[in-house]
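Colleague: Coordinates in structure.tsv, TSV, C-alpha atoms and all ligand atoms, are listed below.
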```tsv
chain	number	residue	atom	x	y	z
A	1	MET	CA	34.77	38.21	35.00
A	2	TYR	CA	33.24	34.79	34.39
A	3	ILE	CA	29.59	33.80	34.80
A	4	ASP	CA	28.59	30.30	35.92
A	5	THR	CA	25.21	29.95	34.19
A	6	HIS	CA	24.24	26.70	35.95
A	7	THR	CA	25.13	25.98	39.57
A	8	HIS	CA	22.84	24.39	42.19
A	9	LEU	CA	24.40	26.13	45.18
A	10	PHE	CA	21.26	25.60	47.28
A	11	ALA	CA	21.84	21.80	47.13
A	12	PRO	CA	22.43	20.01	50.47
A	13	GLU	CA	26.00	19.27	49.31
A	14	PHE	CA	26.84	22.96	49.93
A	15	GLU	CA	25.00	23.53	53.16
A	16	ALA	CA	28.03	23.20	55.44
A	17	ASP	CA	30.40	25.55	53.63
A	18	ILE	CA	28.41	27.72	51.20
A	19	GLU	CA	30.23	30.90	52.25
A	20	SER	CA	33.67	29.55	51.36
A	21	VAL	CA	32.27	28.07	48.14
A	22	ILE	CA	31.15	31.55	47.06
A	23	VAL	CA	34.40	33.18	48.20
A	24	ARG	CA	36.40	30.61	46.20
A	25	ALA	CA	34.23	31.28	43.14
A	26	THR	CA	34.62	35.06	43.27
A	27	GLU	CA	38.37	34.70	43.92
A	28	SER	CA	38.57	32.57	40.76
A	29	GLY	CA	36.94	35.40	38.81
A	30	VAL	CA	33.41	33.97	38.79
A	31	GLY	CA	31.47	37.11	39.68
A	32	LYS	CA	27.92	35.98	38.91
A	33	MET	CA	26.20	32.63	39.30
A	34	ILE	CA	22.80	31.49	38.07
A	35	MET	CA	20.98	28.92	40.23
A	36	PRO	CA	18.47	26.87	38.21
A	37	ALA	CA	15.46	25.77	40.25
A	38	ILE	CA	14.81	22.01	40.58
A	39	SER	CA	11.55	21.45	42.44
A	40	PRO	CA	9.16	23.18	44.90
A	41	GLU	CA	10.90	21.51	47.90
A	42	SER	CA	14.03	23.61	47.28
A	43	TYR	CA	12.54	26.91	46.03
A	44	ASP	CA	12.73	28.52	49.49
A	45	ASP	CA	16.35	27.46	50.04
A	46	MET	CA	17.26	28.83	46.60
A	47	GLU	CA	15.50	32.17	47.16
A	48	ARG	CA	16.95	32.65	50.66
A	49	LEU	CA	20.45	32.06	49.33
A	50	ALA	CA	19.94	34.44	46.39
A	51	ALA	CA	18.69	37.14	48.79
A	52	ARG	CA	21.93	36.83	50.81
A	53	TYR	CA	24.10	37.54	47.74
A	54	PRO	CA	22.31	40.14	45.58
A	55	GLY	CA	24.10	40.92	42.33
A	56	ILE	CA	26.09	37.68	42.65
A	57	LEU	CA	23.55	34.85	42.86
A	58	TYR	CA	20.49	34.81	40.58
A	59	PRO	CA	17.56	32.39	40.95
A	60	THR	CA	15.34	30.91	38.22
A	61	ILE	CA	11.99	29.15	38.54
A	62	GLY	CA	10.74	25.87	37.05
A	63	LEU	CA	10.49	22.11	37.40
A	64	HIS	CA	13.33	19.72	36.48
A	65	PRO	CA	12.16	16.99	34.06
A	66	THR	CA	13.09	14.14	36.41
A	67	GLU	CA	11.01	15.65	39.25
A	68	GLN	CA	7.43	14.70	39.98
A	69	GLY	CA	5.12	17.37	41.36
A	70	ASP	CA	3.32	20.10	39.48
A	71	MET	CA	3.90	23.58	38.19
A	72	SER	CA	1.46	25.47	40.39
A	73	GLU	CA	4.02	26.60	42.97
A	74	ALA	CA	6.34	27.92	40.23
A	75	GLU	CA	3.41	29.69	38.56
A	76	ASN	CA	2.29	31.27	41.86
A	77	ARG	CA	5.77	32.61	42.50
A	78	LEU	CA	5.96	34.07	39.00
A	79	ARG	CA	2.61	35.77	39.50
A	80	ASP	CA	3.83	37.22	42.82
A	81	GLY	CA	6.98	38.73	41.32
A	82	ALA	CA	8.58	37.48	38.12
A	83	GLY	CA	11.19	40.24	38.36
A	84	ARG	CA	13.34	38.33	40.82
A	85	TYR	CA	13.97	35.44	38.39
A	86	VAL	CA	16.39	35.56	35.47
A	87	ALA	CA	15.04	32.47	33.66
A	88	ILE	CA	12.36	29.80	33.43
A	89	GLY	CA	13.71	26.33	34.27
A	90	GLU	CA	15.41	24.18	34.51
A	91	CYS	CA	12.96	22.32	32.36
A	92	GLY	CA	13.41	19.76	29.62
A	93	LEU	CA	13.29	16.13	28.58
A	94	ASP	CA	15.18	13.27	30.23
A	95	MET	CA	14.90	9.86	28.60
A	96	HIS	CA	17.87	8.51	30.55
A	97	TRP	CA	16.60	8.65	34.14
A	98	THR	CA	12.83	8.94	33.64
A	99	PRO	CA	11.80	7.63	30.18
A	100	GLU	CA	8.48	6.37	31.63
A	101	THR	CA	7.21	9.93	32.23
A	102	ILE	CA	8.06	11.31	28.80
A	103	ASP	CA	4.47	12.31	27.92
A	104	ARG	CA	4.09	14.23	31.15
A	105	GLN	CA	7.56	15.76	30.69
A	106	THR	CA	6.53	16.99	27.24
A	107	GLU	CA	3.37	18.57	28.63
A	108	ILE	CA	5.24	20.32	31.45
A	109	LEU	CA	7.94	21.50	29.04
A	110	SER	CA	5.28	23.13	26.84
A	111	ARG	CA	3.99	24.93	29.92
A	112	HIS	CA	7.52	26.29	30.52
A	113	PHE	CA	7.60	27.52	26.90
A	114	GLU	CA	4.36	29.44	27.53
A	115	LEU	CA	5.70	30.94	30.76
A	116	SER	CA	8.89	32.02	28.99
A	117	ARG	CA	6.83	33.95	26.47
A	118	THR	CA	4.37	35.37	29.01
A	119	TYR	CA	7.08	36.75	31.32
A	120	GLY	CA	9.73	37.50	28.70
A	121	LEU	CA	12.26	35.29	30.45
A	122	PRO	CA	14.74	32.93	28.71
A	123	LEU	CA	14.55	29.15	29.20
A	124	ILE	CA	17.17	26.87	30.75
A	125	ILE	CA	16.67	23.54	28.99
A	126	HIS	CA	17.95	20.12	30.09
A	127	THR	CA	18.13	17.43	27.37
A	128	ARG	CA	19.30	13.92	28.16
A	129	GLU	CA	19.13	11.27	25.43
A	130	ALA	CA	16.26	13.23	23.90
A	131	PHE	CA	17.66	15.53	21.20
A	132	GLY	CA	15.28	14.16	18.51
A	133	PRO	CA	12.04	14.94	20.37
A	134	MET	CA	13.50	18.18	21.78
A	135	ILE	CA	14.40	19.54	18.34
A	136	GLU	CA	10.94	18.57	17.08
A	137	LEU	CA	9.28	20.57	19.91
A	138	LEU	CA	11.53	23.60	19.37
A	139	ARG	CA	10.83	23.50	15.62
A	140	ARG	CA	7.11	23.48	16.23
A	141	ASP	CA	7.43	26.65	18.32
A	142	ARG	CA	10.23	28.63	16.64
A	143	ARG	CA	9.94	31.73	18.81
A	144	LEU	CA	11.85	30.54	21.88
A	145	ARG	CA	15.04	31.74	23.51
A	146	GLY	CA	17.30	30.41	26.20
A	147	VAL	CA	20.21	28.11	27.03
A	148	MET	CA	20.61	24.45	26.09
A	149	HIS	CA	22.21	23.51	29.37
A	150	GLY	CA	24.93	20.82	29.60
A	151	PHE	CA	24.97	20.59	25.83
A	152	ALA	CA	26.09	17.11	24.81
A	153	GLY	CA	24.80	16.95	21.26
A	154	THR	CA	26.48	16.76	17.88
A	155	VAL	CA	27.33	19.54	15.45
A	156	ASP	CA	24.09	18.71	13.61
A	157	ASP	CA	22.07	19.09	16.84
A	158	TYR	CA	23.76	22.45	17.45
A	159	LEU	CA	22.92	23.71	13.96
A	160	ALA	CA	19.35	22.39	14.09
A	161	ILE	CA	18.65	24.02	17.47
A	162	LYS	CA	20.18	27.35	16.41
A	163	GLU	CA	17.80	27.46	13.49
A	164	THR	CA	14.72	27.19	15.74
A	165	GLY	CA	15.26	30.27	17.91
A	166	ASP	CA	17.68	32.37	19.96
A	167	PHE	CA	19.68	29.70	21.79
A	168	LEU	CA	23.01	29.59	23.59
A	169	PHE	CA	24.77	26.36	24.55
A	170	GLY	CA	26.03	25.67	28.08
A	171	ILE	CA	29.42	23.94	28.08
A	172	GLY	CA	30.62	22.36	31.32
A	173	GLY	CA	33.12	19.91	32.81
A	174	THR	CA	32.23	17.14	30.33
A	175	VAL	CA	34.32	18.96	27.73
A	176	THR	CA	37.46	18.13	29.77
A	177	PHE	CA	36.76	14.38	30.01
A	178	ASN	CA	39.11	12.07	28.09
A	179	ASN	CA	36.33	10.03	26.49
A	180	SER	CA	34.21	13.06	25.57
A	181	ARG	CA	33.13	13.75	22.00
A	182	LEU	CA	32.02	17.23	23.00
A	183	PRO	CA	35.31	18.88	21.87
A	184	GLU	CA	34.40	18.00	18.26
A	185	ALA	CA	31.14	19.92	18.56
A	186	VAL	CA	32.75	22.82	20.44
A	187	ALA	CA	35.38	23.15	17.69
A	188	ALA	CA	32.54	23.80	15.24
A	189	MET	CA	30.62	26.20	17.49
A	190	SER	CA	30.90	29.97	17.44
A	191	LEU	CA	32.12	31.55	20.70
A	192	ASP	CA	29.08	33.83	20.37
A	193	ASP	CA	26.88	30.78	21.03
A	194	ILE	CA	28.61	29.46	24.16
A	195	VAL	CA	28.06	30.08	27.88
A	196	LEU	CA	30.01	28.45	30.70
A	197	GLU	CA	28.48	26.29	33.42
A	198	THR	CA	29.59	23.88	36.13
A	199	ASP	CA	26.27	22.12	36.95
A	200	SER	CA	27.59	22.02	40.54
A	201	PRO	CA	27.63	19.82	42.57
A	202	TYR	CA	27.85	17.41	39.60
A	203	LEU	CA	30.27	16.86	36.69
A	204	SER	CA	33.55	18.23	38.06
A	205	PRO	CA	36.06	18.98	35.33
A	206	VAL	CA	39.44	17.24	35.13
A	207	PRO	CA	41.50	17.16	37.42
A	208	HIS	CA	38.68	17.17	40.00
A	209	ARG	CA	36.51	14.57	38.24
A	210	GLY	CA	34.47	12.49	40.71
A	211	ARG	CA	34.60	15.08	43.49
A	212	ARG	CA	32.00	17.72	44.38
A	213	ASN	CA	31.95	20.37	41.70
A	214	GLU	CA	31.81	24.08	42.50
A	215	SER	CA	31.66	27.34	40.58
A	216	ALA	CA	35.37	28.07	41.24
A	217	ASN	CA	36.11	25.40	38.58
A	218	ILE	CA	34.77	27.57	35.73
A	219	PRO	CA	38.27	28.72	34.62
A	220	LEU	CA	39.27	25.06	33.98
A	221	ILE	CA	36.36	24.78	31.53
A	222	ALA	CA	37.23	28.11	29.88
A	223	ALA	CA	40.86	26.98	29.47
A	224	LYS	CA	39.76	23.76	27.74
A	225	ILE	CA	37.49	25.67	25.35
A	226	ALA	CA	40.34	28.09	24.55
A	227	GLU	CA	42.59	25.12	23.80
A	228	ILE	CA	39.99	23.53	21.49
A	229	LYS	CA	39.31	26.77	19.66
A	230	GLY	CA	42.92	27.94	19.50
A	231	CYS	CA	42.15	31.30	21.13
A	232	SER	CA	43.08	32.97	24.40
A	233	VAL	CA	41.28	32.25	27.67
A	234	ALA	CA	40.52	36.00	27.86
A	235	GLU	CA	38.59	35.75	24.59
A	236	VAL	CA	36.52	32.87	25.98
A	237	GLU	CA	35.88	34.84	29.17
A	238	THR	CA	34.82	38.03	27.37
A	239	ALA	CA	32.57	36.30	24.84
A	240	THR	CA	30.83	33.90	27.22
A	241	THR	CA	30.20	36.62	29.83
A	242	ALA	CA	28.73	38.97	27.20
A	243	ASN	CA	26.53	36.12	25.91
A	244	ALA	CA	25.22	35.31	29.40
A	245	GLU	CA	24.64	38.99	30.25
A	246	ARG	CA	22.63	39.46	27.08
A	247	MET	CA	20.51	36.33	27.45
A	248	PHE	CA	19.74	36.71	31.18
A	249	ARG	CA	19.76	40.54	31.16
A	250	LEU	CA	22.35	40.79	33.94
A	251	GLY	CA	23.21	44.45	33.62
A	301	ZN	ZN	20.95	21.41	36.59
```
Could you rewrite the structure in this file as structure tokens?
Modeller:
Amino acid sequence: MYIDTHTHLFAPEFEADIESVIVRATESGVGKMIMPAISPESYDDMERLAARYPGILYPTIGLHPTEQGDMSEAENRLRDGAGRYVAIGECGLDMHWTPETIDRQTEILSRHFELSRTYGLPLIIHTREAFGPMIELLRRDRRLRGVMHGFAGTVDDYLAIKETGDFLFGIGGTVTFNNSRLPEAVAAMSLDDIVLETDSPYLSPVPHRGRRNESANIPLIAAKIAEIKGCSVAEVETATTANAERMFRLG
């Protein structure tokens, strides 16, 4: 069984055919899917969907770095019942889309770090064009755990982040792109540090690039990682599923 550790199935792009999207995923061997929260406007949609598929879909709670708004709704929901979430996030730093809010992003990210510690939940961290400041923040803290989602850094970034805490690295469709430098980093990474993700509806792997992504595409990403690492797809499946189950405590 595969686990898609990052799939926004509550997005409007899936509204019309969510049932077949989930059937296609489970038929492709993707038995569990983690849905990272984006913003308060979609928390209810996310939670309703998770409640329809217990043991298959798992929600998280947090505020995406490109979103405005505040953390109070996420904090209220955690206070009301943190047990229904498997992670805090997605949170992070994005200097590509919203460089003008970087100070506020940093403040909100620190709040996510605190919540992760308070509730004993791992983080799901988004980093776009911001590895320098991100590594600095993680170094200052040193007691954090979670997933660096959509990892697009270098081997040096990977090693630096690993040193700061208990982190796994989410590898998605980007690894299949022709112009991607990610395979170089993946070649140097241990399978024990990798989890799979689609980031649906974005970033479809080859040969579906440019179309809506969905969790059923996870095996294409696993196959590419197996090719890069010169191992079997089954080894990638076993290792990445065990890594995700440990980090998110999906018994
Ligand atoms: Zn995301």
Colleague: For Pro59 in chain A, which residue out of A:Gly153, A:Gly81, A:Pro36, A:Pro99 is the nearest one, using all atoms listed in the file?
Modeller: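 Of A:Gly153, A:Gly81, A:Pro36, A:Pro99, the one nearest Pro59 in chain A, counting all atoms listed in the file, is A:Pro36.
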Colleague: Could I get the residue neighbourhood of ligand ZN 301 (chain A) at 10 Å, counting all atoms listed in the file, as a count of residues only?
Modeller: 23
Colleague: Counting all atoms listed in the file, what is within 10 Å of Pro12 in chain A, bar same-chain residues fewer than 3 positions away, as a PyMOL selection string?
Modeller: chain A and resi 8-9+15-16+18+42+45+201
Colleague: Please produce an output containing C-alpha atoms for each residue in the selection, written as a PDB file, in the frame of the given file.
Modeller:
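Saved file part_18.pdb follows:
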```
ATOM      1  CA  HIS A   8      22.840  24.390  42.190  1.00  0.00           C
ATOM      2  CA  LEU A   9      24.400  26.130  45.180  1.00  0.00           C
ATOM      3  CA  GLU A  15      25.000  23.530  53.160  1.00  0.00           C
ATOM      4  CA  ALA A  16      28.030  23.200  55.440  1.00  0.00           C
ATOM      5  CA  ILE A  18      28.410  27.720  51.200  1.00  0.00           C
ATOM      6  CA  SER A  42      14.030  23.610  47.280  1.00  0.00           C
ATOM      7  CA  ASP A  45      16.350  27.460  50.040  1.00  0.00           C
ATOM      8  CA  PRO A 201      27.630  19.820  42.570  1.00  0.00           C
TER       9      PRO A 201
END
```
Colleague: Pull the neighbourhood of (13.4, 32.9, 23.1) for me: all residues within 10 Å in file coordinates, counting only C-alpha atoms, as a VMD selection string.
Modeller: chain A and resid 113 116 to 117 120 to 123 141 to 147 164 to 167 247
Colleague: Can you work out which one of A:Asp4, A:Asp192, A:Glu47, A:Glu73 has the shortest atom-to-atom distance to Thr238 in chain A, counting all atoms listed in the file?
Modeller: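 Smallest separation from Thr238 in chain A among the options: A:Asp192.
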Colleague: What is the distance between CA of Ile221 in chain A and CA of Glu67 in chain A, in Å to one decimal?
Modeller: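 So the two atoms, CA of Ile221 in chain A and CA of Glu67 in chain A, lie 28.0 Å apart.
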Colleague: Suppose you want the space between CA of Ile102 in chain A and CA of Ala160 in chain A; what is it in Å?
Modeller: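 We find that CA of Ile102 in chain A and CA of Ala160 in chain A lie 21.6 Å from each other.
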Colleague: Can you work out the spacing between CA of Thr240 in chain A and CA of Val195 in chain A in Å, to one decimal?
Modeller: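 Distance between the two atoms: 4.8 Å.
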Colleague: Skip Ala130 in chain A itself and residues of its chain fewer than 2 positions away, then list as a PyMOL selection string all residues within 12 Å of it, counting only C-alpha atoms.
Modeller: chain A and resi 65+92-99+102+105-106+125-128+132-137+151-153+157
Colleague: Nearest residue to Glu13 in chain A out of A:Arg246, A:Arg212, A:Val233, A:Leu78, using only C-alpha atoms?
Modeller: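 With only C-alpha atoms as the atom set, the closest residue is A:Arg212.
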Colleague: Which residue out of A:Arg52, A:Arg139, A:Gly29, A:Ser204 has the minimum interatomic distance to Ala234 in chain A when only C-alpha atoms are used?
Modeller: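 For Ala234 in chain A, the nearest of the given residues is A:Gly29.
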Colleague: Place a sphere of radius 10 Å on (34.4, 40.9, 36.1) in the file coordinates and name every protein, DNA or RNA residue with an atom inside or on its surface, counting all atoms listed in the file; give the answer as number ranges by chain.
Modeller: A: 1-3, 26, 29-32, 237-238, 241
Colleague: For each of A:Ser28, A:Thr154, A:Asn217, A:Gln68, take the minimum atom-to-atom distance to Pro183 in chain A, counting all atoms listed in the file, then give the residue where this is smallest.
Modeller: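 Between A:Ser28, A:Thr154, A:Asn217, A:Gln68, the residue approaching Pro183 in chain A most closely is A:Thr154.
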